[in-house]
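Raw contents of query24.cif, mmCIF, C-alpha atoms:
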```
data_my_file
loop_
_atom_site.group_PDB
_atom_site.id
_atom_site.type_symbol
_atom_site.label_atom_id
_atom_site.label_comp_id
_atom_site.auth_asym_id
_atom_site.auth_seq_id
_atom_site.Cartn_x
_atom_site.Cartn_y
_atom_site.Cartn_z
ATOM 1 C CA MET A 1321 18.251 -36.333 10.125
ATOM 2 C CA LYS A 1322 19.614 -33.399 8.119
ATOM 3 C CA ILE A 1323 16.999 -30.918 6.897
ATOM 4 C CA PRO A 1324 18.186 -28.366 4.298
ATOM 5 C CA PHE A 1325 16.862 -24.841 4.813
ATOM 6 C CA TRP A 1326 17.065 -21.357 3.346
ATOM 7 C CA LYS A 1327 17.059 -18.205 5.463
ATOM 8 C CA MET A 1328 15.111 -15.398 3.783
ATOM 9 C CA HIS A 1329 13.556 -12.103 4.764
ATOM 10 C CA GLY A 1330 10.823 -9.843 3.480
ATOM 11 C CA ALA A 1331 11.438 -6.252 4.607
ATOM 12 C CA GLY A 1332 13.297 -7.501 7.698
ATOM 13 C CA ASN A 1333 10.648 -10.095 8.601
ATOM 14 C CA ASP A 1334 12.862 -13.212 8.541
ATOM 15 C CA PHE A 1335 12.039 -16.879 7.985
ATOM 16 C CA ILE A 1336 13.441 -20.394 7.948
ATOM 17 C CA MET A 1337 12.285 -21.885 4.630
ATOM 18 C CA ILE A 1338 11.975 -25.646 4.071
ATOM 19 C CA ASP A 1339 11.299 -27.645 0.884
ATOM 20 C CA ASP A 1340 8.958 -30.255 2.395
ATOM 21 C CA ARG A 1341 7.465 -31.724 -0.771
ATOM 22 C CA GLU A 1342 8.473 -35.184 0.517
ATOM 23 C CA ARG A 1343 6.536 -34.496 3.756
ATOM 24 C CA THR A 1344 9.435 -35.498 6.046
ATOM 25 C CA PHE A 1345 9.535 -32.355 8.218
ATOM 26 C CA PRO A 1346 8.598 -33.098 11.887
ATOM 27 C CA VAL A 1347 5.446 -30.944 11.901
ATOM 28 C CA SER A 1348 4.154 -32.424 15.178
ATOM 29 C CA ASP A 1349 7.299 -31.494 17.132
ATOM 30 C CA THR A 1350 6.268 -27.961 18.069
ATOM 31 C CA ALA A 1351 8.936 -27.688 20.776
ATOM 32 C CA TRP A 1352 11.693 -28.382 18.225
ATOM 33 C CA ILE A 1353 10.158 -25.902 15.752
ATOM 34 C CA ALA A 1354 10.104 -23.260 18.501
ATOM 35 C CA GLY A 1355 13.722 -24.153 19.315
ATOM 36 C CA ILE A 1356 15.067 -23.560 15.817
ATOM 37 C CA ALA A 1357 13.107 -20.292 15.652
ATOM 38 C CA ARG A 1358 14.576 -19.043 18.937
ATOM 39 C CA ARG A 1359 17.158 -16.320 18.430
ATOM 40 C CA ARG A 1360 20.669 -16.871 19.843
ATOM 41 C CA PHE A 1361 19.864 -20.525 20.596
ATOM 42 C CA GLY A 1362 18.540 -21.682 17.198
ATOM 43 C CA VAL A 1363 18.769 -20.264 13.693
ATOM 44 C CA GLY A 1364 16.335 -17.570 14.776
ATOM 45 C CA CYS A 1365 13.383 -16.258 12.779
ATOM 46 C CA ASP A 1366 9.935 -14.690 12.814
ATOM 47 C CA GLY A 1367 8.456 -17.858 11.327
ATOM 48 C CA VAL A 1368 9.139 -21.299 9.858
ATOM 49 C CA ILE A 1369 7.679 -21.906 6.380
ATOM 50 C CA LEU A 1370 7.209 -25.203 4.568
ATOM 51 C CA VAL A 1371 6.629 -25.802 0.857
ATOM 52 C CA GLN A 1372 4.355 -28.833 0.637
ATOM 53 C CA PRO A 1373 2.496 -30.501 -2.256
ATOM 54 C CA ALA A 1374 -1.078 -29.463 -3.087
ATOM 55 C CA ASP A 1375 -3.808 -30.996 -5.213
ATOM 56 C CA ALA A 1376 -5.430 -28.016 -6.929
ATOM 57 C CA THR A 1377 -2.647 -25.391 -6.845
ATOM 58 C CA ASP A 1378 1.101 -25.298 -7.498
ATOM 59 C CA PHE A 1379 2.026 -25.996 -3.856
ATOM 60 C CA ARG A 1380 0.944 -25.416 -0.271
ATOM 61 C CA MET A 1381 2.508 -22.913 2.125
ATOM 62 C CA VAL A 1382 2.522 -23.960 5.799
ATOM 63 C CA PHE A 1383 3.488 -21.279 8.328
ATOM 64 C CA TYR A 1384 4.571 -21.672 11.967
ATOM 65 C CA ASN A 1385 5.013 -18.783 14.374
ATOM 66 C CA PRO A 1386 8.148 -18.778 16.566
ATOM 67 C CA ASP A 1387 6.134 -20.436 19.335
ATOM 68 C CA GLY A 1388 5.764 -23.510 17.106
ATOM 69 C CA CYS A 1389 2.041 -23.013 16.436
ATOM 70 C CA GLU A 1390 0.654 -23.052 12.895
ATOM 71 C CA VAL A 1391 -1.231 -19.931 11.794
ATOM 72 C CA GLU A 1392 -3.227 -19.006 8.741
ATOM 73 C CA MET A 1393 -1.072 -16.673 6.707
ATOM 74 C CA CYS A 1394 1.941 -14.339 6.579
ATOM 75 C CA GLY A 1395 2.259 -11.756 3.804
ATOM 76 C CA ASN A 1396 6.032 -11.268 3.958
ATOM 77 C CA GLY A 1397 6.478 -15.029 4.275
ATOM 78 C CA ALA A 1398 4.228 -15.602 1.283
ATOM 79 C CA ARG A 1399 6.455 -13.362 -0.838
ATOM 80 C CA CYS A 1400 9.506 -15.322 0.315
ATOM 81 C CA VAL A 1401 7.915 -18.706 -0.360
ATOM 82 C CA ALA A 1402 6.919 -17.536 -3.842
ATOM 83 C CA ARG A 1403 10.493 -16.532 -4.635
ATOM 84 C CA LEU A 1404 11.910 -19.749 -3.168
ATOM 85 C CA ALA A 1405 9.506 -21.901 -5.206
ATOM 86 C CA ASN A 1406 10.540 -20.032 -8.345
ATOM 87 C CA ASP A 1407 14.261 -20.276 -7.530
ATOM 88 C CA LEU A 1408 13.953 -24.030 -6.910
ATOM 89 C CA GLY A 1409 12.226 -24.507 -10.263
ATOM 90 C CA ILE A 1410 8.980 -25.697 -8.690
ATOM 91 C CA VAL A 1411 7.050 -23.008 -10.584
ATOM 92 C CA GLY A 1412 7.644 -20.194 -13.050
ATOM 93 C CA THR A 1413 7.376 -16.516 -12.213
ATOM 94 C CA GLY A 1414 3.593 -16.741 -11.867
ATOM 95 C CA MET A 1415 1.938 -19.153 -9.444
ATOM 96 C CA VAL A 1416 -1.009 -19.982 -7.199
ATOM 97 C CA PHE A 1417 -0.471 -21.634 -3.816
ATOM 98 C CA ASP A 1418 -2.610 -22.725 -0.890
ATOM 99 C CA THR A 1419 -2.593 -21.262 2.620
ATOM 100 C CA VAL A 1420 -4.965 -21.858 5.508
ATOM 101 C CA ALA A 1421 -6.401 -18.396 4.729
ATOM 102 C CA GLY A 1422 -7.074 -19.347 1.100
ATOM 103 C CA ALA A 1423 -5.350 -19.458 -2.272
ATOM 104 C CA ILE A 1424 -2.724 -16.778 -3.009
ATOM 105 C CA ARG A 1425 -1.547 -15.658 -6.449
ATOM 106 C CA ALA A 1426 2.005 -14.382 -6.772
ATOM 107 C CA THR A 1427 4.290 -12.930 -9.429
ATOM 108 C CA VAL A 1428 8.072 -12.958 -8.973
ATOM 109 C CA ASP A 1429 10.283 -10.283 -10.539
ATOM 110 C CA GLY A 1430 13.812 -10.861 -9.214
ATOM 111 C CA ASP A 1431 13.782 -10.026 -5.517
ATOM 112 C CA ARG A 1432 10.445 -8.190 -5.804
ATOM 113 C CA VAL A 1433 7.234 -10.180 -5.414
ATOM 114 C CA THR A 1434 3.617 -9.105 -5.831
ATOM 115 C CA LEU A 1435 0.891 -11.043 -4.030
ATOM 116 C CA GLN A 1436 -2.815 -11.145 -4.807
ATOM 117 C CA MET A 1437 -4.187 -11.501 -1.282
ATOM 118 C CA THR A 1438 -7.377 -13.164 -0.106
ATOM 119 C CA ASP A 1439 -10.370 -10.841 0.355
ATOM 120 C CA PRO A 1440 -10.350 -9.141 3.782
ATOM 121 C CA PHE A 1441 -13.235 -9.633 6.224
ATOM 122 C CA ASP A 1442 -14.360 -8.903 9.794
ATOM 123 C CA TRP A 1443 -14.215 -5.139 9.304
ATOM 124 C CA ALA A 1444 -14.916 -2.844 12.270
ATOM 125 C CA PHE A 1445 -14.331 0.899 12.561
ATOM 126 C CA ASP A 1446 -14.177 3.434 15.392
ATOM 127 C CA GLN A 1447 -14.122 0.997 18.291
ATOM 128 C CA SER A 1448 -12.859 1.938 21.768
ATOM 129 C CA ILE A 1449 -10.559 0.040 24.114
ATOM 130 C CA GLU A 1450 -8.827 0.993 27.374
ATOM 131 C CA ILE A 1451 -5.173 -0.042 27.713
ATOM 132 C CA GLY A 1452 -3.176 0.986 30.785
ATOM 133 C CA GLY A 1453 -5.684 3.696 31.661
ATOM 134 C CA GLU A 1454 -5.546 5.150 28.128
ATOM 135 C CA LEU A 1455 -8.646 5.104 25.922
ATOM 136 C CA LEU A 1456 -7.736 4.190 22.339
ATOM 137 C CA THR A 1457 -9.799 4.311 19.166
ATOM 138 C CA PHE A 1458 -9.118 1.308 16.980
ATOM 139 C CA HIS A 1459 -10.237 -0.290 13.742
ATOM 140 C CA GLN A 1460 -9.911 -3.918 12.734
ATOM 141 C CA VAL A 1461 -9.885 -6.246 9.735
ATOM 142 C CA ASN A 1462 -8.794 -9.796 8.983
ATOM 143 C CA SER A 1463 -6.330 -9.593 6.080
ATOM 144 C CA GLY A 1464 -5.375 -13.252 6.331
ATOM 145 C CA VAL A 1465 -4.983 -13.087 10.106
ATOM 146 C CA PRO A 1466 -6.730 -10.666 12.523
ATOM 147 C CA HIS A 1467 -5.341 -7.149 12.883
ATOM 148 C CA VAL A 1468 -6.163 -4.111 14.993
ATOM 149 C CA VAL A 1469 -5.084 -0.694 13.660
ATOM 150 C CA VAL A 1470 -4.605 2.410 15.839
ATOM 151 C CA GLU A 1471 -3.660 5.819 14.437
ATOM 152 C CA VAL A 1472 -1.127 7.819 16.485
ATOM 153 C CA ASP A 1473 0.640 11.154 16.036
ATOM 154 C CA ASP A 1474 4.157 9.679 16.163
ATOM 155 C CA VAL A 1475 4.865 5.937 15.985
ATOM 156 C CA GLU A 1476 8.329 6.453 17.490
ATOM 157 C CA GLN A 1477 6.943 7.927 20.711
ATOM 158 C CA ILE A 1478 4.562 5.132 21.725
ATOM 159 C CA ASP A 1479 5.275 2.343 24.197
ATOM 160 C CA LEU A 1480 4.696 -0.355 21.595
ATOM 161 C CA LEU A 1481 5.273 -3.339 23.876
ATOM 162 C CA GLU A 1482 2.810 -2.145 26.522
ATOM 163 C CA LEU A 1483 0.117 -1.013 24.115
ATOM 164 C CA GLY A 1484 0.634 -3.890 21.691
ATOM 165 C CA ALA A 1485 0.515 -6.589 24.351
ATOM 166 C CA GLY A 1486 -2.465 -4.901 25.991
ATOM 167 C CA ILE A 1487 -4.425 -5.122 22.742
ATOM 168 C CA ARG A 1488 -3.155 -8.562 21.756
ATOM 169 C CA TYR A 1489 -4.241 -10.147 25.073
ATOM 170 C CA ASN A 1490 -7.408 -8.100 25.648
ATOM 171 C CA GLU A 1491 -10.515 -10.154 26.408
ATOM 172 C CA ARG A 1492 -12.244 -8.612 23.389
ATOM 173 C CA PHE A 1493 -9.997 -10.822 21.244
ATOM 174 C CA PRO A 1494 -10.347 -14.367 22.662
ATOM 175 C CA ASN A 1495 -8.058 -15.811 19.977
ATOM 176 C CA GLY A 1496 -5.619 -12.914 20.194
ATOM 177 C CA THR A 1497 -4.873 -10.338 17.523
ATOM 178 C CA ASN A 1498 -1.983 -8.420 15.993
ATOM 179 C CA ALA A 1499 -1.684 -4.745 16.942
ATOM 180 C CA ASN A 1500 -0.561 -2.089 14.443
ATOM 181 C CA PHE A 1501 0.116 1.598 15.048
ATOM 182 C CA ILE A 1502 0.073 3.958 12.077
ATOM 183 C CA GLN A 1503 1.234 7.489 11.430
ATOM 184 C CA ILE A 1504 0.057 9.316 8.316
ATOM 185 C CA THR A 1505 3.147 10.723 6.564
ATOM 186 C CA GLY A 1506 1.732 11.826 3.201
ATOM 187 C CA PRO A 1507 -1.314 11.738 0.926
ATOM 188 C CA ASP A 1508 -0.521 8.123 0.016
ATOM 189 C CA ALA A 1509 1.979 7.163 2.725
ATOM 190 C CA LEU A 1510 2.116 5.648 6.214
ATOM 191 C CA CYS A 1511 4.660 4.608 8.814
ATOM 192 C CA VAL A 1512 3.736 1.473 10.758
ATOM 193 C CA ARG A 1513 4.948 -0.403 13.825
ATOM 194 C CA THR A 1514 3.499 -3.834 14.641
ATOM 195 C CA TYR A 1515 3.228 -6.015 17.732
ATOM 196 C CA GLU A 1516 2.850 -9.502 16.270
ATOM 197 C CA ARG A 1517 0.875 -12.332 17.842
ATOM 198 C CA GLY A 1518 2.991 -15.481 18.193
ATOM 199 C CA VAL A 1519 6.216 -13.479 18.068
ATOM 200 C CA GLU A 1520 5.003 -11.564 21.163
ATOM 201 C CA ALA A 1521 7.176 -8.595 20.312
ATOM 202 C CA GLU A 1522 7.658 -5.940 17.668
ATOM 203 C CA THR A 1523 8.578 -7.234 14.223
ATOM 204 C CA LEU A 1524 10.455 -5.202 11.638
ATOM 205 C CA ALA A 1525 7.614 -5.807 9.194
ATOM 206 C CA CYS A 1526 4.358 -7.758 9.043
ATOM 207 C CA GLY A 1527 2.946 -8.255 5.561
ATOM 208 C CA THR A 1528 -0.669 -8.893 6.516
ATOM 209 C CA GLY A 1529 -0.324 -6.035 9.003
ATOM 210 C CA MET A 1530 0.826 -3.654 6.274
ATOM 211 C CA VAL A 1531 -2.167 -4.752 4.201
ATOM 212 C CA ALA A 1532 -4.537 -4.172 7.125
ATOM 213 C CA CYS A 1533 -3.074 -0.707 7.760
ATOM 214 C CA GLY A 1534 -3.256 0.294 4.104
ATOM 215 C CA LEU A 1535 -6.845 -0.919 3.823
ATOM 216 C CA ILE A 1536 -8.053 0.735 7.022
ATOM 217 C CA ALA A 1537 -6.332 4.059 6.325
ATOM 218 C CA GLY A 1538 -7.663 4.009 2.762
ATOM 219 C CA LYS A 1539 -11.238 3.157 3.729
ATOM 220 C CA LEU A 1540 -11.168 5.957 6.329
ATOM 221 C CA GLY A 1541 -10.070 8.404 3.619
ATOM 222 C CA ARG A 1542 -6.758 9.105 5.323
ATOM 223 C CA VAL A 1543 -4.622 8.071 2.309
ATOM 224 C CA SER A 1544 -5.085 7.372 -1.383
ATOM 225 C CA CYS A 1545 -4.423 4.045 -3.112
ATOM 226 C CA PRO A 1546 -1.897 2.532 -3.762
ATOM 227 C CA VAL A 1547 -0.515 3.087 -0.274
ATOM 228 C CA LYS A 1548 3.232 3.253 0.340
ATOM 229 C CA ILE A 1549 3.984 1.912 3.804
ATOM 230 C CA THR A 1550 7.304 2.299 5.615
ATOM 231 C CA CYS A 1551 7.770 -0.455 8.186
ATOM 232 C CA ALA A 1552 10.166 -0.576 11.143
ATOM 233 C CA SER A 1553 12.975 -2.025 9.004
ATOM 234 C CA GLY A 1554 12.902 1.075 6.795
ATOM 235 C CA ASP A 1555 11.688 -0.902 3.775
ATOM 236 C CA VAL A 1556 8.671 0.347 1.849
ATOM 237 C CA LEU A 1557 5.839 -2.017 0.917
ATOM 238 C CA GLU A 1558 3.021 -1.119 -1.447
ATOM 239 C CA VAL A 1559 -0.615 -2.028 -0.831
ATOM 240 C CA GLY A 1560 -3.217 -1.696 -3.569
ATOM 241 C CA TYR A 1561 -6.895 -2.612 -3.680
ATOM 242 C CA ALA A 1562 -10.233 -1.900 -5.341
ATOM 243 C CA ASP A 1563 -13.132 -0.505 -3.332
ATOM 244 C CA ALA A 1564 -16.170 -2.722 -2.835
ATOM 245 C CA ASP A 1565 -19.402 -2.477 -0.858
ATOM 246 C CA GLU A 1566 -18.160 -5.098 1.583
ATOM 247 C CA GLY A 1567 -14.799 -3.364 2.037
ATOM 248 C CA ALA A 1568 -12.121 -4.122 -0.554
ATOM 249 C CA VAL A 1569 -11.254 -6.655 -3.235
ATOM 250 C CA ASP A 1570 -8.295 -7.280 -5.548
ATOM 251 C CA VAL A 1571 -5.935 -6.628 -2.641
ATOM 252 C CA ARG A 1572 -2.257 -6.619 -3.634
ATOM 253 C CA LEU A 1573 0.957 -6.518 -1.592
ATOM 254 C CA LYS A 1574 4.263 -5.733 -3.288
ATOM 255 C CA GLY A 1575 7.700 -5.820 -1.678
ATOM 256 C CA PRO A 1576 11.088 -7.528 -1.367
ATOM 257 C CA ALA A 1577 11.901 -11.213 -0.844
ATOM 258 C CA VAL A 1578 15.622 -11.650 -0.137
ATOM 259 C CA HIS A 1579 17.882 -14.687 0.318
ATOM 260 C CA VAL A 1580 20.266 -14.434 3.301
ATOM 261 C CA PHE A 1581 21.966 -17.846 3.582
ATOM 262 C CA SER A 1582 21.316 -21.589 3.433
ATOM 263 C CA GLY A 1583 22.295 -24.521 5.625
ATOM 264 C CA ALA A 1584 21.057 -27.723 7.237
ATOM 265 C CA LEU A 1585 19.186 -28.357 10.465
ATOM 266 C CA ASP A 1586 19.971 -31.368 12.666
ATOM 267 C CA TYR A 1587 16.813 -33.150 13.775
ATOM 268 C CA PRO A 1588 17.430 -35.793 16.483
ATOM 269 C CA GLY A 1589 14.817 -38.197 15.081
ATOM 270 C CA GLY A 1590 14.597 -39.896 11.688
ATOM 271 C CA ALA A 1591 17.271 -41.270 9.388
#
```

Encoded form (structure tokens):
Amino acid sequence: MKIPFWKMHGAGNDFIMIDDRERTFPVSDTAWIAGIARRRFGVGCDGVILVQPADATDFRMVFYNPDGCEVEMCGNGARCVARLANDLGIVGTGMVFDTVAGAIRATVDGDRVTLQMTDPFDWAFDQSIEIGGELLTFHQVNSGVPHVVVEVDDVEQIDLLELGAGIRYNERFPNGTNANFIQITGPDALCVRTYERGVEAETLACGTGMVACGLIAGKLGRVSCPVKITCASGDVLEVGYADADEGAVDVRLKGPAVHVFSGALDYPGGA
């Protein structure tokens, strides 16, 4: 069976995109999904994204990590799926689509997409954790998926793999978490590096991670809103929000959604 796909990226976070409105994609074959996501052996990506039909919104976004497991949400992927849906004529420049984390609103303007994110929850500030004999202060929030945020003096000088994996697999997070390290670079600016759960490595950008970092740094008074965030790819994403007693509402993520190439996958089953 031939499965058409589009390769896209959002700030260097890259995805295999599938139009699955006919529901023919082999969603139960997690080993095959992990295989096509594997770099050098498959197409290679940070996630596989399906566009599926939905009852109450324009469409449904389904997201698989490179390990083949479905997860709730991906901010950079959501920007890419919004642009793809617009390019395919499924929707106009404005849309609402379902994710496991909730409904997302998006506006497409060429290769720039703005998302209205779901409201963040599970806030925690000034927590302590010991990783490799080092005591770290961290903050956390679920911005679609769970994120831990740690402020450091210089993001380029940290051992991201050791610290990130130590946080991601710590017993305090039984379902795992993503680990972000931020450096304040201006009154409204951050640099961020992210160890991403499911990828199990550093990613060039993580949309929900950028949102978490912007929210945490803003709520701590470290930066003003909107927050301009430089990710590992060098791209700059913008996070905006309105303050609320429970944390933040009207959370927005703005950034690029870029086509790279298209092709067809060979699936050994089916017609």

For the file shown, report as an NGL selection string the outcome of the PyMOL selection byres ((chain A and resi 1534) around 9) at residue level.
:A and (1509-1510 or 1529-1533 or 1535-1539 or 1543 or 1545-1549 or 1558-1560)

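Going from CA of Arg1399 (chain A) to CA of Thr1550 (chain A) covers 17.0 Å.
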
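Shortest atom-to-atom contact with Pro1440 (chain A) among A:Gln1460, A:Val1368, A:Gly1589, A:Thr1413: A:Gln1460, counting only C-alpha atoms.
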
To verify the selection step, state as a ChimeraX atom specification which residues the PyMOL selection byres ((chain A and resi 1572) around 10) yields on this input.
/A:1425-1426,1434-1439,1531,1546,1558-1562,1569-1571,1573-1574

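When CA of Pro1588 (chain A) is paired with CA of Met1337 (chain A), their separation reads 19.0 Å.
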
Find the spatial neighbours of region 1492-1502 of chain A, counting only C-alpha atoms, within a cut-off of 8 Å - ignore same-chain residues fewer than 5 positions away - and output them as a ChimeraX atom specification.
/A:1465-1472,1475,1484-1485,1487,1510-1517,1529,1533

Atom pair CA of Gly1397 (chain A) + CA of Phe1361 (chain A), distance 21.8 Å

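Candidate residues A:Glu1476, A:Asp1407, A:Asp1586, A:Asp1340 were compared for distance to Asp1431 (chain A), and the nearest is A:Asp1407, using only C-alpha atoms.
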
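For the file shown, the residue list from the PyMOL selection byres ((chain A and resi 1401) around 9) reads A:Met1328, A:Met1337, A:Ile1369, A:Leu1370, A:Val1371, A:Met1381, A:Asn1396, A:Gly1397, A:Ala1398, A:Arg1399, A:Cys1400, A:Ala1402, A:Arg1403, A:Leu1404, A:Ala1405, A:Asn1406, A:Ala1577.
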
Please dump the current selection as a PDB file, keeping the file's coordinate frame; keep C-alpha atoms.
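As written to disk, part.pdb reads:
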```pdb
ATOM      1  CA  MET A1328      15.111 -15.398   3.783  1.00  0.00           C
ATOM      2  CA  MET A1337      12.285 -21.885   4.630  1.00  0.00           C
ATOM      3  CA  ILE A1369       7.679 -21.906   6.380  1.00  0.00           C
ATOM      4  CA  LEU A1370       7.209 -25.203   4.568  1.00  0.00           C
ATOM      5  CA  VAL A1371       6.629 -25.802   0.857  1.00  0.00           C
ATOM      6  CA  MET A1381       2.508 -22.913   2.125  1.00  0.00           C
ATOM      7  CA  ASN A1396       6.032 -11.268   3.958  1.00  0.00           C
ATOM      8  CA  GLY A1397       6.478 -15.029   4.275  1.00  0.00           C
ATOM      9  CA  ALA A1398       4.228 -15.602   1.283  1.00  0.00           C
ATOM     10  CA  ARG A1399       6.455 -13.362  -0.838  1.00  0.00           C
ATOM     11  CA  CYS A1400       9.506 -15.322   0.315  1.00  0.00           C
ATOM     12  CA  ALA A1402       6.919 -17.536  -3.842  1.00  0.00           C
ATOM     13  CA  ARG A1403      10.493 -16.532  -4.635  1.00  0.00           C
ATOM     14  CA  LEU A1404      11.910 -19.749  -3.168  1.00  0.00           C
ATOM     15  CA  ALA A1405       9.506 -21.901  -5.206  1.00  0.00           C
ATOM     16  CA  ASN A1406      10.540 -20.032  -8.345  1.00  0.00           C
ATOM     17  CA  ALA A1577      11.901 -11.213  -0.844  1.00  0.00           C
TER      18      ALA A1577
END
```

Show me, as a VMD selection string, the residues that have an atom within 10 Å of Thr1419 (chain A) when counting all atoms listed in the file, minus same-chain residues fewer than 2 positions from it.
chain A and resid 1379 to 1383 1391 to 1394 1398 1417 1421 to 1424 1438 1464

Name the closest residue to Glu1520 (chain A) among the candidates A:Asn1385, A:Asp1442, A:Gly1430, A:Gly1395; distances are taken between atoms, counting all atoms listed in the file.
A:Asn1385

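Among the candidates A:Val1420, A:Met1415, A:Leu1483, A:Val1347, the one nearest to Ile1449 (chain A) when counting all atoms listed in the file is A:Leu1483.
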
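Nearest residue to Cys1365 (chain A) among A:Leu1524, A:Cys1551, A:Val1416, A:Val1428 is A:Leu1524, counting only C-alpha atoms.
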
In terms of the shortest atom-to-atom distance over all atoms listed in the file, which of A:Phe1458, A:Thr1528, A:Pro1507, A:Phe1441 is closest to Ala1564 (chain A)?
A:Phe1441

Please report, as lines of an AutoDock Vina configuration file, the centre and edge lengths in Å to one decimal of an axis-aligned box covering all listed atoms of region 1389-1403 of chain A with 4 Å per side.
```
center_x = 3.6
center_y = -17.2
center_z = 5.9
size_x = 21.7
size_y = 19.8
size_z = 29.1
```

Rebuild region 1367-1386 of chain A to N, CA and C atoms - output it as an mmCIF file, keeping the file's coordinate frame, please.
```
data_model
loop_
_atom_site.group_PDB
_atom_site.id
_atom_site.type_symbol
_atom_site.label_atom_id
_atom_site.label_comp_id
_atom_site.auth_asym_id
_atom_site.auth_seq_id
_atom_site.Cartn_x
_atom_site.Cartn_y
_atom_site.Cartn_z
ATOM 1 N N GLY A 1367 9.368 -16.805 11.738
ATOM 2 C CA GLY A 1367 8.456 -17.858 11.327
ATOM 3 C C GLY A 1367 9.173 -18.947 10.554
ATOM 4 N N VAL A 1368 8.626 -20.154 10.610
ATOM 5 C CA VAL A 1368 9.139 -21.299 9.858
ATOM 6 C C VAL A 1368 8.121 -21.624 8.774
ATOM 7 N N ILE A 1369 8.581 -21.730 7.522
ATOM 8 C CA ILE A 1369 7.679 -21.906 6.380
ATOM 9 C C ILE A 1369 8.044 -23.167 5.620
ATOM 10 N N LEU A 1370 7.028 -23.976 5.338
ATOM 11 C CA LEU A 1370 7.209 -25.203 4.568
ATOM 12 C C LEU A 1370 6.564 -25.058 3.196
ATOM 13 N N VAL A 1371 7.225 -25.619 2.179
ATOM 14 C CA VAL A 1371 6.629 -25.802 0.857
ATOM 15 C C VAL A 1371 6.194 -27.256 0.777
ATOM 16 N N GLN A 1372 4.892 -27.477 0.692
ATOM 17 C CA GLN A 1372 4.355 -28.833 0.637
ATOM 18 C C GLN A 1372 3.529 -29.017 -0.642
ATOM 19 N N PRO A 1373 3.300 -30.264 -1.048
ATOM 20 C CA PRO A 1373 2.496 -30.501 -2.256
ATOM 21 C C PRO A 1373 1.034 -30.131 -2.036
ATOM 22 N N ALA A 1374 0.351 -29.795 -3.129
ATOM 23 C CA ALA A 1374 -1.078 -29.463 -3.087
ATOM 24 C C ALA A 1374 -1.761 -30.107 -4.273
ATOM 25 N N ASP A 1375 -3.054 -30.328 -4.152
ATOM 26 C CA ASP A 1375 -3.808 -30.996 -5.213
ATOM 27 C C ASP A 1375 -4.247 -30.045 -6.319
ATOM 28 N N ALA A 1376 -4.794 -28.888 -5.941
ATOM 29 C CA ALA A 1376 -5.430 -28.016 -6.929
ATOM 30 C C ALA A 1376 -4.611 -26.782 -7.276
ATOM 31 N N THR A 1377 -3.498 -26.546 -6.559
ATOM 32 C CA THR A 1377 -2.647 -25.391 -6.845
ATOM 33 C C THR A 1377 -1.206 -25.869 -7.025
ATOM 34 N N ASP A 1378 -0.292 -24.922 -7.225
ATOM 35 C CA ASP A 1378 1.101 -25.298 -7.498
ATOM 36 C C ASP A 1378 1.788 -25.916 -6.285
ATOM 37 N N PHE A 1379 1.465 -25.432 -5.095
ATOM 38 C CA PHE A 1379 2.026 -25.996 -3.856
ATOM 39 C C PHE A 1379 1.246 -25.431 -2.686
ATOM 40 N N ARG A 1380 1.586 -25.880 -1.500
ATOM 41 C CA ARG A 1380 0.944 -25.416 -0.271
ATOM 42 C C ARG A 1380 1.989 -24.762 0.619
ATOM 43 N N MET A 1381 1.658 -23.599 1.151
ATOM 44 C CA MET A 1381 2.508 -22.913 2.125
ATOM 45 C C MET A 1381 1.986 -23.209 3.525
ATOM 46 N N VAL A 1382 2.861 -23.713 4.396
ATOM 47 C CA VAL A 1382 2.522 -23.960 5.799
ATOM 48 C C VAL A 1382 3.389 -23.057 6.651
ATOM 49 N N PHE A 1383 2.772 -22.298 7.558
ATOM 50 C CA PHE A 1383 3.488 -21.279 8.328
ATOM 51 C C PHE A 1383 3.365 -21.541 9.824
ATOM 52 N N TYR A 1384 4.529 -21.529 10.514
ATOM 53 C CA TYR A 1384 4.571 -21.672 11.967
ATOM 54 C C TYR A 1384 5.156 -20.418 12.590
ATOM 55 N N ASN A 1385 4.467 -19.883 13.589
ATOM 56 C CA ASN A 1385 5.013 -18.783 14.374
ATOM 57 C C ASN A 1385 6.207 -19.268 15.202
ATOM 58 N N PRO A 1386 6.995 -18.357 15.763
ATOM 59 C CA PRO A 1386 8.148 -18.778 16.566
ATOM 60 C C PRO A 1386 7.801 -19.599 17.808
#
```
